[in-house]
>>> print(open('run-v5.txt').read())   # compact mmCIF, C-alpha atoms and all ligand atoms
# COMPACT_ATOMS: atom_id res chain seq x y z
CA MET A 1 174.80 42.16 -58.04
CA VAL A 2 173.18 40.15 -55.30
CA THR A 3 173.27 36.42 -55.85
CA ALA A 4 171.54 33.46 -54.30
CA GLN A 5 174.83 32.06 -53.05
CA GLY A 6 174.03 33.08 -49.51
CA SER A 7 170.76 31.18 -49.41
CA PRO A 8 170.55 28.78 -46.52
CA SER A 9 170.68 25.04 -47.01
CA PRO A 10 167.61 23.08 -45.95
CA ARG A 11 167.48 22.79 -42.19
CA THR A 12 165.73 20.25 -40.06
CA GLY A 13 163.90 20.50 -36.79
CA GLY A 14 162.08 23.41 -35.16
CA ASP A 15 158.33 23.76 -34.82
CA PRO A 16 157.03 25.78 -37.78
CA GLY A 17 153.60 26.21 -36.17
CA PRO A 18 150.20 25.74 -37.85
CA ALA A 19 150.36 24.50 -41.42
CA VAL A 20 148.20 23.36 -44.31
CA SER A 21 148.83 20.09 -46.16
CA VAL A 22 149.73 20.61 -49.79
CA THR A 23 150.53 18.47 -52.78
CA ALA A 24 153.53 19.99 -54.54
CA ALA A 25 155.83 19.16 -57.45
CA VAL A 26 159.29 18.93 -55.88
CA VAL A 27 162.59 19.02 -57.77
CA ARG A 28 165.18 17.19 -55.68
CA GLU A 29 168.13 16.97 -58.07
CA LYS A 30 169.57 18.80 -61.04
CA GLY A 31 167.63 17.82 -64.17
CA GLY A 32 165.50 15.47 -62.12
CA PRO A 33 161.77 15.01 -62.56
CA PHE A 34 159.05 17.06 -60.88
CA ALA A 35 157.79 14.58 -58.26
CA LEU A 36 154.42 15.12 -56.58
CA GLU A 37 154.92 14.98 -52.80
CA ASP A 38 152.79 15.70 -49.75
CA LEU A 39 154.27 18.70 -47.92
CA THR A 40 153.14 21.20 -45.33
CA LEU A 41 152.98 24.95 -45.84
CA SER A 42 153.14 27.11 -42.73
CA THR A 43 150.05 29.27 -42.27
CA VAL A 44 151.75 31.60 -39.81
CA LEU A 45 151.55 34.50 -42.26
CA ARG A 46 153.89 37.48 -42.27
CA PRO A 47 151.95 40.79 -42.27
CA ASP A 48 152.30 41.19 -46.07
CA GLU A 49 151.65 37.57 -47.06
CA VAL A 50 148.71 36.11 -48.95
CA LEU A 51 147.82 32.40 -48.85
CA VAL A 52 146.36 31.34 -52.19
CA LYS A 53 144.57 28.12 -53.13
CA VAL A 54 146.07 27.43 -56.55
CA VAL A 55 143.63 26.67 -59.37
CA ALA A 56 146.16 26.45 -62.22
CA SER A 57 149.73 27.33 -63.07
CA GLY A 58 151.50 27.91 -66.34
CA LEU A 59 154.80 26.16 -66.98
CA CYS A 60 157.51 28.53 -68.23
CA GLN A 61 160.95 27.80 -69.74
CA THR A 62 162.45 29.42 -66.64
CA ASP A 63 161.05 26.61 -64.48
CA ILE A 64 162.89 24.13 -66.67
CA HIS A 65 166.11 26.20 -66.64
CA VAL A 66 166.01 26.19 -62.84
CA ARG A 67 165.20 22.47 -62.66
CA ASP A 68 168.31 21.93 -64.79
CA GLN A 69 170.25 24.34 -62.52
CA HIS A 70 171.21 26.80 -65.24
CA LEU A 71 170.20 29.24 -62.52
CA PRO A 72 171.35 28.53 -58.96
CA THR A 73 168.09 28.19 -57.03
CA PRO A 74 168.90 25.75 -54.20
CA LEU A 75 167.26 22.30 -54.23
CA PRO A 76 165.07 20.61 -53.15
CA ALA A 77 162.62 23.23 -54.32
CA VAL A 78 159.05 23.83 -55.42
CA LEU A 79 159.05 25.92 -58.61
CA GLY A 80 156.16 27.42 -60.61
CA HIS A 81 155.68 31.14 -61.18
CA GLU A 82 152.54 31.58 -63.30
CA GLY A 83 149.95 30.77 -60.68
CA ALA A 84 146.29 31.72 -60.56
CA GLY A 85 143.97 30.96 -57.68
CA ILE A 86 141.73 32.11 -54.89
CA VAL A 87 142.86 33.99 -51.80
CA GLU A 88 142.31 31.90 -48.69
CA ARG A 89 143.92 34.00 -45.95
CA VAL A 90 145.80 37.31 -45.71
CA GLY A 91 148.38 38.77 -43.31
CA ASP A 92 147.46 41.60 -40.94
CA ALA A 93 148.82 44.39 -43.14
CA VAL A 94 147.21 43.29 -46.41
CA SER A 95 144.46 45.64 -47.60
CA THR A 96 144.12 45.20 -51.37
CA VAL A 97 142.94 41.57 -51.47
CA SER A 98 140.65 39.56 -49.21
CA PRO A 99 139.74 35.89 -48.79
CA GLY A 100 137.66 34.73 -51.76
CA ASP A 101 139.28 37.11 -54.26
CA ARG A 102 140.45 35.64 -57.57
CA VAL A 103 144.10 36.48 -58.21
CA VAL A 104 146.93 36.04 -60.69
CA LEU A 105 150.41 35.70 -59.18
CA SER A 106 153.32 37.54 -60.78
CA TYR A 107 157.01 38.16 -60.11
CA GLN A 108 158.39 39.37 -56.79
CA ALA A 109 160.16 42.66 -55.98
CA CYS A 110 161.30 44.29 -52.75
CA GLY A 111 159.29 47.49 -53.03
CA HIS A 112 161.97 49.62 -51.38
CA CYS A 113 164.93 49.99 -53.75
CA THR A 114 165.37 52.76 -56.34
CA PRO A 115 163.97 50.76 -59.32
CA CYS A 116 160.95 49.72 -57.23
CA LEU A 117 160.34 53.26 -55.98
CA THR A 118 160.57 54.68 -59.49
CA GLY A 119 157.91 52.31 -60.80
CA ASN A 120 160.29 49.75 -62.31
CA PRO A 121 159.87 46.70 -60.07
CA ALA A 122 161.01 44.33 -62.85
CA TYR A 123 164.50 45.77 -62.27
CA CYS A 124 164.37 45.46 -58.46
CA ALA A 125 167.85 45.50 -56.94
CA LEU A 126 166.90 42.33 -55.06
CA SER A 127 165.26 40.70 -58.08
CA PHE A 128 167.50 37.64 -58.05
CA PRO A 129 167.13 36.63 -54.39
CA ALA A 130 163.45 37.66 -54.35
CA ASN A 131 162.58 35.45 -57.34
CA PHE A 132 165.26 32.73 -57.48
CA GLY A 133 166.60 32.63 -53.90
CA GLY A 134 164.39 29.71 -52.86
CA SER A 135 163.29 31.40 -49.63
CA ARG A 136 161.84 34.61 -48.25
CA LEU A 137 164.36 37.47 -48.38
CA ASP A 138 165.12 36.83 -44.71
CA GLY A 139 166.18 33.26 -45.60
CA THR A 140 163.19 31.45 -44.08
CA ASN A 141 160.91 28.94 -45.79
CA ALA A 142 157.29 27.99 -45.23
CA LEU A 143 157.42 24.57 -46.94
CA ARG A 144 158.41 21.31 -45.25
CA ALA A 145 158.49 17.61 -46.02
CA GLY A 146 158.11 16.25 -42.50
CA ASP A 147 160.99 17.97 -40.68
CA GLU A 148 162.93 18.74 -43.85
CA GLU A 149 162.83 22.32 -45.08
CA ILE A 150 161.97 22.60 -48.78
CA HIS A 151 162.94 25.70 -50.77
CA GLY A 152 159.89 27.69 -51.81
CA HIS A 153 158.86 31.32 -52.38
CA PHE A 154 160.04 30.94 -55.99
CA PHE A 155 159.01 34.19 -57.68
CA GLY A 156 157.17 34.87 -54.43
CA GLN A 157 154.82 31.96 -55.05
CA SER A 158 156.09 28.41 -55.86
CA SER A 159 152.81 27.74 -57.66
CA PHE A 160 153.42 24.08 -58.54
CA ALA A 161 151.47 23.25 -55.39
CA THR A 162 147.89 23.14 -54.22
CA HIS A 163 148.54 26.24 -52.06
CA ALA A 164 151.00 29.07 -52.69
CA LEU A 165 152.31 31.72 -50.34
CA ALA A 166 152.50 35.05 -52.16
CA THR A 167 152.67 38.61 -50.89
CA GLU A 168 150.44 41.61 -51.46
CA ARG A 169 153.14 42.95 -53.79
CA ASN A 170 152.86 40.14 -56.36
CA VAL A 171 149.15 39.30 -56.38
CA VAL A 172 146.86 40.86 -58.97
CA ARG A 173 143.16 40.87 -58.11
CA ILE A 174 140.89 39.88 -61.00
CA ASP A 175 137.55 41.61 -60.61
CA ASP A 176 136.08 40.15 -63.81
CA GLU A 177 133.82 37.29 -62.71
CA ASP A 178 133.35 35.77 -66.16
CA ILE A 179 136.86 35.05 -67.32
CA PRO A 180 138.06 31.50 -66.46
CA LEU A 181 140.73 31.76 -63.80
CA GLU A 182 142.56 28.68 -65.12
CA LEU A 183 143.51 30.64 -68.26
CA LEU A 184 145.11 33.55 -66.48
CA GLY A 185 148.34 32.35 -64.82
CA PRO A 186 150.57 32.89 -67.87
CA LEU A 187 149.66 36.59 -67.81
CA GLY A 188 151.89 36.80 -64.73
CA CYS A 189 155.09 36.01 -66.65
CA GLY A 190 155.29 34.89 -70.29
CA LEU A 191 152.41 36.88 -71.73
CA GLN A 192 153.17 40.16 -69.95
CA THR A 193 156.82 39.76 -70.93
CA GLY A 194 156.12 39.67 -74.68
CA ALA A 195 153.19 42.09 -74.77
CA GLY A 196 154.88 44.48 -72.34
CA ALA A 197 158.07 44.68 -74.38
CA VAL A 198 155.97 45.98 -77.28
CA LEU A 199 153.47 48.17 -75.43
CA ASN A 200 155.40 49.32 -72.33
CA THR A 201 159.08 49.27 -73.28
CA LEU A 202 159.17 50.03 -76.99
CA LYS A 203 155.81 51.80 -77.23
CA VAL A 204 155.69 50.57 -80.83
CA ALA A 205 154.40 53.32 -83.13
CA ALA A 206 151.58 52.79 -85.61
CA GLY A 207 152.92 51.98 -89.06
CA SER A 208 156.36 50.91 -87.83
CA SER A 209 158.15 47.62 -88.54
CA VAL A 210 158.58 45.00 -85.81
CA VAL A 211 160.64 41.80 -86.00
CA VAL A 212 159.99 39.05 -83.45
CA ILE A 213 162.73 36.38 -83.28
CA GLY A 214 161.32 33.28 -81.57
CA THR A 215 157.60 32.52 -81.58
CA GLY A 216 156.96 30.71 -78.31
CA THR A 217 154.61 32.23 -75.74
CA VAL A 218 156.63 35.44 -75.33
CA GLY A 219 157.08 35.95 -79.07
CA LEU A 220 153.46 35.26 -79.96
CA ALA A 221 152.33 37.64 -77.20
CA ALA A 222 154.62 40.23 -78.80
CA VAL A 223 153.11 39.55 -82.23
CA MET A 224 149.58 40.08 -80.89
CA ALA A 225 150.65 43.25 -79.09
CA ALA A 226 152.37 44.61 -82.21
CA LYS A 227 149.09 44.22 -84.05
CA VAL A 228 147.28 46.00 -81.18
CA ALA A 229 149.83 48.84 -81.49
CA GLY A 230 149.10 49.18 -85.21
CA ALA A 231 152.51 48.16 -86.49
CA GLY A 232 152.73 48.31 -90.28
CA SER A 233 154.74 45.12 -90.65
CA VAL A 234 155.17 42.36 -88.09
CA ILE A 235 157.84 39.87 -89.14
CA ALA A 236 157.91 36.61 -87.17
CA VAL A 237 161.09 34.50 -87.28
CA ASP A 238 161.27 30.88 -86.12
CA ILE A 239 162.34 27.46 -87.39
CA VAL A 240 159.01 25.68 -86.81
CA ASP A 241 156.49 26.16 -89.60
CA GLU A 242 153.42 25.44 -87.40
CA ARG A 243 154.41 28.26 -85.06
CA LEU A 244 154.96 30.62 -87.96
CA GLU A 245 151.52 29.74 -89.26
CA LEU A 246 150.00 30.55 -85.87
CA ALA A 247 152.02 33.79 -85.77
CA ARG A 248 150.41 34.74 -89.07
CA GLU A 249 146.94 34.02 -87.69
CA LEU A 250 147.70 36.16 -84.65
CA GLY A 251 148.94 39.20 -86.58
CA ALA A 252 152.28 38.58 -88.29
CA THR A 253 152.30 40.13 -91.77
CA HIS A 254 155.42 38.19 -92.80
CA THR A 255 157.11 35.02 -91.57
CA VAL A 256 160.69 33.84 -92.01
CA ASN A 257 161.85 30.27 -91.43
CA GLY A 258 165.41 30.81 -90.24
CA LYS A 259 166.38 27.26 -91.13
CA GLU A 260 165.38 27.62 -94.75
CA GLU A 261 165.92 31.31 -95.44
CA ASP A 262 168.61 33.95 -94.80
CA THR A 263 166.87 35.80 -91.95
CA GLY A 264 168.90 39.01 -92.22
CA ALA A 265 168.45 39.23 -95.98
CA ARG A 266 164.70 38.60 -95.72
CA ILE A 267 164.25 41.31 -93.06
CA ALA A 268 166.21 43.77 -95.21
CA GLU A 269 164.12 42.86 -98.24
CA ILE A 270 160.80 43.30 -96.38
CA THR A 271 161.67 46.49 -94.49
CA GLY A 272 163.87 48.24 -97.06
CA THR A 273 165.83 50.36 -94.59
CA GLY A 274 165.86 47.88 -91.70
CA ALA A 275 163.46 47.26 -88.83
CA ASP A 276 162.35 49.92 -86.37
CA TYR A 277 162.17 47.33 -83.59
CA VAL A 278 163.62 43.85 -83.14
CA LEU A 279 162.63 41.61 -80.22
CA GLU A 280 165.21 38.86 -79.62
CA ILE A 281 163.71 36.07 -77.54
CA THR A 282 165.82 33.01 -78.39
CA ALA A 283 168.78 34.12 -76.19
CA ARG A 284 171.20 32.81 -78.80
CA PRO A 285 174.24 35.09 -79.19
CA GLU A 286 174.19 34.98 -83.00
CA MET A 287 170.57 36.12 -82.97
CA LEU A 288 171.39 39.22 -80.89
CA THR A 289 174.13 40.02 -83.39
CA LEU A 290 171.58 39.62 -86.17
CA ALA A 291 169.00 41.71 -84.29
CA VAL A 292 171.35 44.71 -84.22
CA ASP A 293 172.35 44.23 -87.85
CA ALA A 294 168.66 44.16 -88.85
CA LEU A 295 167.86 47.59 -87.35
CA ALA A 296 167.03 50.75 -89.26
CA PRO A 297 168.84 53.92 -88.13
CA LEU A 298 167.42 54.95 -84.72
CA GLY A 299 165.92 51.47 -84.32
CA THR A 300 165.88 49.51 -81.06
CA ALA A 301 166.73 45.88 -80.43
CA THR A 302 165.45 44.38 -77.21
CA LEU A 303 166.91 41.28 -75.62
CA ILE A 304 164.20 39.34 -73.82
CA GLY A 305 165.33 35.71 -73.60
CA GLY A 306 167.46 34.63 -70.65
CA ALA A 307 170.83 33.15 -71.69
CA PRO A 308 173.01 30.93 -69.46
CA ALA A 309 175.18 32.97 -67.06
CA GLY A 310 178.30 34.41 -68.71
CA THR A 311 176.96 34.41 -72.29
CA HIS A 312 178.37 37.19 -74.50
CA ALA A 313 177.32 38.27 -78.00
CA PRO A 314 179.30 40.33 -80.50
CA VAL A 315 177.55 43.50 -81.67
CA ASN A 316 178.49 45.63 -84.68
CA MET A 317 179.81 48.74 -82.90
CA ASN A 318 179.50 51.04 -85.88
CA ALA A 319 175.83 50.08 -86.29
CA LEU A 320 175.18 51.60 -82.87
CA LEU A 321 176.61 54.92 -84.09
CA GLY A 322 173.56 55.17 -86.34
CA GLY A 323 171.46 55.99 -83.31
CA ARG A 324 170.57 52.37 -82.75
CA THR A 325 169.81 51.09 -79.26
CA VAL A 326 170.17 47.69 -77.62
CA ARG A 327 168.45 47.11 -74.31
CA GLY A 328 167.39 44.21 -72.15
CA VAL A 329 163.80 43.90 -70.96
CA ALA A 330 162.55 42.00 -67.93
CA GLN A 331 158.88 41.08 -67.47
CA GLY A 332 157.92 43.49 -70.25
CA ASP A 333 158.51 46.45 -67.91
CA SER A 334 155.15 45.49 -66.43
CA VAL A 335 153.66 46.73 -63.23
CA PRO A 336 151.44 43.64 -63.04
CA GLN A 337 148.55 45.25 -61.14
CA LEU A 338 148.26 47.82 -63.96
CA PHE A 339 149.18 45.80 -67.03
CA ILE A 340 147.45 42.43 -66.47
CA PRO A 341 143.96 43.99 -66.25
CA GLN A 342 144.74 45.84 -69.51
CA LEU A 343 145.69 42.55 -71.19
CA ILE A 344 142.45 40.97 -69.94
CA ASP A 345 140.48 43.88 -71.45
CA LEU A 346 142.27 43.30 -74.77
CA TYR A 347 141.53 39.56 -74.53
CA LYS A 348 137.82 40.25 -73.97
CA ALA A 349 137.81 42.60 -76.94
CA GLY A 350 139.20 39.77 -79.09
CA ARG A 351 142.49 41.61 -79.64
CA PHE A 352 144.79 39.46 -77.48
CA PRO A 353 143.54 35.87 -77.95
CA PHE A 354 146.18 34.26 -75.77
CA ASP A 355 143.97 31.26 -75.02
CA ARG A 356 145.06 29.95 -78.44
CA LEU A 357 148.56 29.35 -77.02
CA ILE A 358 147.41 27.24 -74.06
CA THR A 359 147.23 23.45 -73.64
CA PHE A 360 145.89 22.14 -70.31
CA TYR A 361 147.38 19.23 -68.36
CA GLY A 362 146.41 17.54 -65.11
CA PHE A 363 148.89 18.31 -62.31
CA ASP A 364 150.10 14.68 -62.35
CA ARG A 365 151.13 15.11 -66.01
CA ILE A 366 153.64 17.88 -65.23
CA ASN A 367 156.64 15.96 -66.62
CA GLU A 368 154.75 15.24 -69.85
CA ALA A 369 154.03 18.99 -70.10
CA VAL A 370 157.77 19.67 -69.78
CA THR A 371 158.57 17.20 -72.56
CA ASP A 372 155.87 18.61 -74.84
CA THR A 373 157.07 22.19 -74.43
CA ARG A 374 160.67 21.10 -75.04
CA THR A 375 159.78 19.31 -78.29
CA GLY A 376 157.64 22.24 -79.42
CA ALA A 377 154.48 20.10 -79.46
CA VAL A 378 152.76 22.69 -77.26
CA ILE A 379 153.38 26.39 -76.75
CA LYS A 380 152.12 27.14 -73.25
CA PRO A 381 151.24 24.24 -70.96
CA VAL A 382 148.96 25.12 -68.07
CA LEU A 383 148.62 22.65 -65.19
CA ARG A 384 145.18 22.24 -63.65
CA ILE A 385 146.00 22.01 -59.95
CA GLY A 386 142.84 22.72 -57.95
CA GLU A 387 139.12 23.40 -58.24
ZN ZN B 401 163.22 46.51 -55.21
ZN ZN B 402 158.46 32.81 -66.63
>>> encode(input="run-v5.txt", output="structure tokens", more="lines below")
Ligand SMILES: [Zn+2]
Ligand SMILES: [Zn+2]
Amino acid sequence: MVTAQGSPSPRTGGDPGPAVSVTAAVVREKGGPFALEDLTLSTVLRPDEVLVKVVASGLCQTDIHVRDQHLPTPLPAVLGHEGAGIVERVGDAVSTVSPGDRVVLSYQACGHCTPCLTGNPAYCALSFPANFGGSRLDGTNALRAGDEEIHGHFFGQSSFATHALATERNVVRIDDEDIPLELLGPLGCGLQTGAGAVLNTLKVAAGSSVVVIGTGTVGLAAVMAAKVAGAGSVIAVDIVDERLELARELGATHTVNGKEEDTGARIAEITGTGADYVLEITARPEMLTLAVDALAPLGTATLIGGAPAGTHAPVNMNALLGGRTVRGVAQGDSVPQLFIPQLIDLYKAGRFPFDRLITFYGFDRINEAVTDTRTGAVIKPVLRIGE
């Protein structure tokens, strides 16, 4: 396992060359606020890099986990990993996007390891340093506050800024001229994670039973995708009635309020023999235990939520002997350049109405967006950053 421990500390001095001025939300201390600062972003592009003028960026729970240092991205840093924008410049070796193209930014991968070469970039051997390392893989950074180096390249983008530096590997060109770009950033992480777990990983069969534990962005994307797949029953579990109501509108056939009802008993009652698929998104150990217990023979439980490092969950060993499977899923097993256009097609067909999850905020209201997502007042905040 490669960790970010070897990431360099911010350095000072040295001429970084030509740069563009950016306004970025900087996190300087653990749990501290996102503070808008004027920085510079080097425009000396590596051959594979793509400079993007950011239009909007989703805010994901992972940004908050990193701000709070549950994951060891070095600070000060610019986070943000659901960016959407317009290509401004490209490196010499980039051939799939050009200046003026509309793009969604997704997660980063190395492109050279065995998972990448076998079409599984979400499981890249360098996934942690490439997404959370706070620098390019070679340890350099393009962002500066005066002479001070600021950690960037978060998920190959750091999209909480008026410009982001991505690479050809993690930009997805959007050829559709009609769809508003400001809606699309969350496709690059939260939405592809939930929908991909259903459509790519589990390949949910028509008529089957699907349980979704946790109905935030990822869970509601999974609910919509389960309906697309033709699942017979889609059981949404949460503790917030408004979210369960929305889950029902988006395709859930049953809802369970885990605070008021015995979740395991209700799933057993609805499914009879247990669920064919359970998606566990809350990252709470007791819910993974429950997910396995809720499975029908030959059923699969997927763990999608990210728990704090070192978290363990007890699993009923004998349940696994009934042909049951537990597996973790990252980024919905998505190859973003293939899957995001498919999700946009489903959106346009009215079958993946993810715009219903989104609440827009001005960039200067980023801390309010964090509070509102924490309290559950909004599901998916999207920051309007540029024109
Ligand atoms: Zn790789
Ligand atoms: Zn995310």
>>> atom_distance(input="run-v5.txt", atom1="atom CA of Ile340 of chain A", atom2="atom CA of Leu191 of chain A")
9.1 Å
>>> residues_near_ligand(input="run-v5.txt", ligand="ligand ZN 402 (chain B)", cutoff="7 Å", atoms="all atoms listed in the file", output="PyMOL selection string")
chain A and resi 60-62+81-82+189-190
>>> residues_near_ligand(input="run-v5.txt", ligand="ligand ZN 401 (chain B)", cutoff="6 Å", atoms="only C-alpha atoms and all ligand atoms", output="list in words")
Ala109, Cys110, Gly111, His112, Cys113, Pro115, Cys116, Pro121, Cys124, Ala125 and Leu126 of chain A
>>> residues_around(input="run-v5.txt", residues="Asn200 of chain A", least_positions_apart="4", cutoff="12 Å", atoms="all atoms listed in the file", output="JSON, numbers by chain")
{"A": [120, 192, 193, 194, 195, 196, 204, 205, 222, 225, 226, 229, 329, 330, 331, 332, 333, 334, 335, 336, 338, 339, 342, 343]}
>>> residues_around(input="run-v5.txt", residues="Ile379 of chain A", least_positions_apart="3", cutoff="7 Å", atoms="all atoms listed in the file", output="ChimeraX atom specification")
/A:216-217,357-358,373,376
>>> residues_near_point(input="run-v5.txt", point="(163.8, 36.4, -79.9)", cutoff="12 Å", atoms="all atoms listed in the file", output="PyMOL selection string")
chain A and resi 193-194+197+210-223+235-239+258+277-291+301-307+328-329
>>> residues_around(input="run-v5.txt", residues="Ala130 of chain A", least_positions_apart="3", cutoff="9 Å", atoms="only C-alpha atoms", output="list in words")
Tyr107, Gln108, Ala109, Cys110, Cys124, Leu126, Ser127, Gly133, Gly134, Ser135, Arg136, Leu137, His153, Phe154, Phe155 and Gly156 of chain A
>>> closest_residue(input="run-v5.txt", among="A:Arg384, A:Lys203, A:Thr263, A:Phe363", to="Phe34 of chain A", atoms="only C-alpha atoms")
A:Phe363
>>> atom_distance(input="run-v5.txt", atom1="atom CA of Glu182 of chain A", atom2="atom CA of Lys227 of chain A")
25.3 Å
>>> atom_distance(input="run-v5.txt", atom1="atom CA of Leu295 of chain A", atom2="atom CA of Ala319 of chain A")
8.4 Å
>>> axis_aligned_box(input="run-v5.txt", around="segment 137-153 of chain A", padding_each_side="4 Å", output="lines of an AutoDock Vina configuration file")
center_x = 161.7
center_y = 26.9
center_z = -46.5
size_x = 16.9
size_y = 29.2
size_z = 19.7
>>> closest_residue(input="run-v5.txt", among="A:Leu246, A:Val52, A:Val292, A:Leu59", to="Gly91 of chain A", atoms="only C-alpha atoms")
A:Val52
>>> closest_residue(input="run-v5.txt", among="A:Asp63, A:Leu321, A:Asp92, A:Phe132", to="Arg374 of chain A", atoms="all atoms listed in the file")
A:Asp63
>>> closest_residue(input="run-v5.txt", among="A:Ile270, A:Leu165, A:Val326, A:Ala56", to="Thr253 of chain A", atoms="all atoms listed in the file")
A:Ile270
>>> closest_residue(input="run-v5.txt", among="A:Leu51, A:Ala275, A:Ala161, A:Leu184", to="Val22 of chain A", atoms="all atoms listed in the file")
A:Ala161
>>> residues_around(input="run-v5.txt", residues="Gly272 of chain A", least_positions_apart="5", cutoff="12 Å", atoms="all atoms listed in the file", output="VMD selection string")
chain A and resid 209 233 264 to 267 294 to 297
>>> closest_residue(input="run-v5.txt", among="A:Val104, A:Leu202, A:Val78, A:Ala166", to="Glu149 of chain A", atoms="only C-alpha atoms")
A:Val78
>>> decode(input="run-v5.txt", residues="segment 158-164 of chain A", atoms="all heavy atoms", output="compact mmCIF listing (two decimals), in the first residue's frame")
# COMPACT_ATOMS: atom_id res chain seq x y z
N SER A 158 -8.09 19.57 -7.91
CA SER A 158 -8.24 20.68 -6.95
C SER A 158 -9.20 21.73 -7.54
O SER A 158 -8.82 22.86 -7.86
CB SER A 158 -6.89 21.33 -6.61
OG SER A 158 -6.12 20.45 -5.83
N SER A 159 -10.46 21.34 -7.64
CA SER A 159 -11.43 22.14 -8.39
C SER A 159 -12.09 23.25 -7.58
O SER A 159 -12.91 23.98 -8.12
CB SER A 159 -12.51 21.24 -8.98
OG SER A 159 -13.16 20.52 -7.94
N PHE A 160 -11.74 23.40 -6.31
CA PHE A 160 -12.25 24.56 -5.56
C PHE A 160 -11.36 25.77 -5.90
O PHE A 160 -10.69 26.35 -5.03
CB PHE A 160 -12.24 24.31 -4.05
CG PHE A 160 -13.22 23.28 -3.58
CD1 PHE A 160 -13.03 22.63 -2.36
CD2 PHE A 160 -14.35 22.95 -4.32
CE1 PHE A 160 -13.94 21.68 -1.90
CE2 PHE A 160 -15.26 22.00 -3.87
CZ PHE A 160 -15.05 21.36 -2.67
N ALA A 161 -11.34 26.13 -7.15
CA ALA A 161 -10.49 27.21 -7.64
C ALA A 161 -11.01 27.64 -9.01
O ALA A 161 -11.70 26.86 -9.69
CB ALA A 161 -9.04 26.74 -7.76
N THR A 162 -10.67 28.85 -9.39
CA THR A 162 -11.19 29.35 -10.66
C THR A 162 -10.51 28.68 -11.87
O THR A 162 -11.05 28.72 -12.97
CB THR A 162 -11.04 30.88 -10.74
OG1 THR A 162 -9.71 31.23 -10.34
CG2 THR A 162 -12.01 31.57 -9.79
N HIS A 163 -9.32 28.11 -11.67
CA HIS A 163 -8.70 27.24 -12.68
C HIS A 163 -8.26 25.95 -12.00
O HIS A 163 -7.85 25.98 -10.83
CB HIS A 163 -7.46 27.89 -13.32
CG HIS A 163 -7.78 28.88 -14.39
ND1 HIS A 163 -8.14 30.19 -14.10
CD2 HIS A 163 -7.79 28.76 -15.75
CE1 HIS A 163 -8.36 30.84 -15.24
NE2 HIS A 163 -8.15 30.00 -16.27
N ALA A 164 -8.30 24.86 -12.73
CA ALA A 164 -7.83 23.57 -12.22
C ALA A 164 -6.86 22.98 -13.23
O ALA A 164 -7.02 23.16 -14.44
CB ALA A 164 -9.00 22.62 -12.00
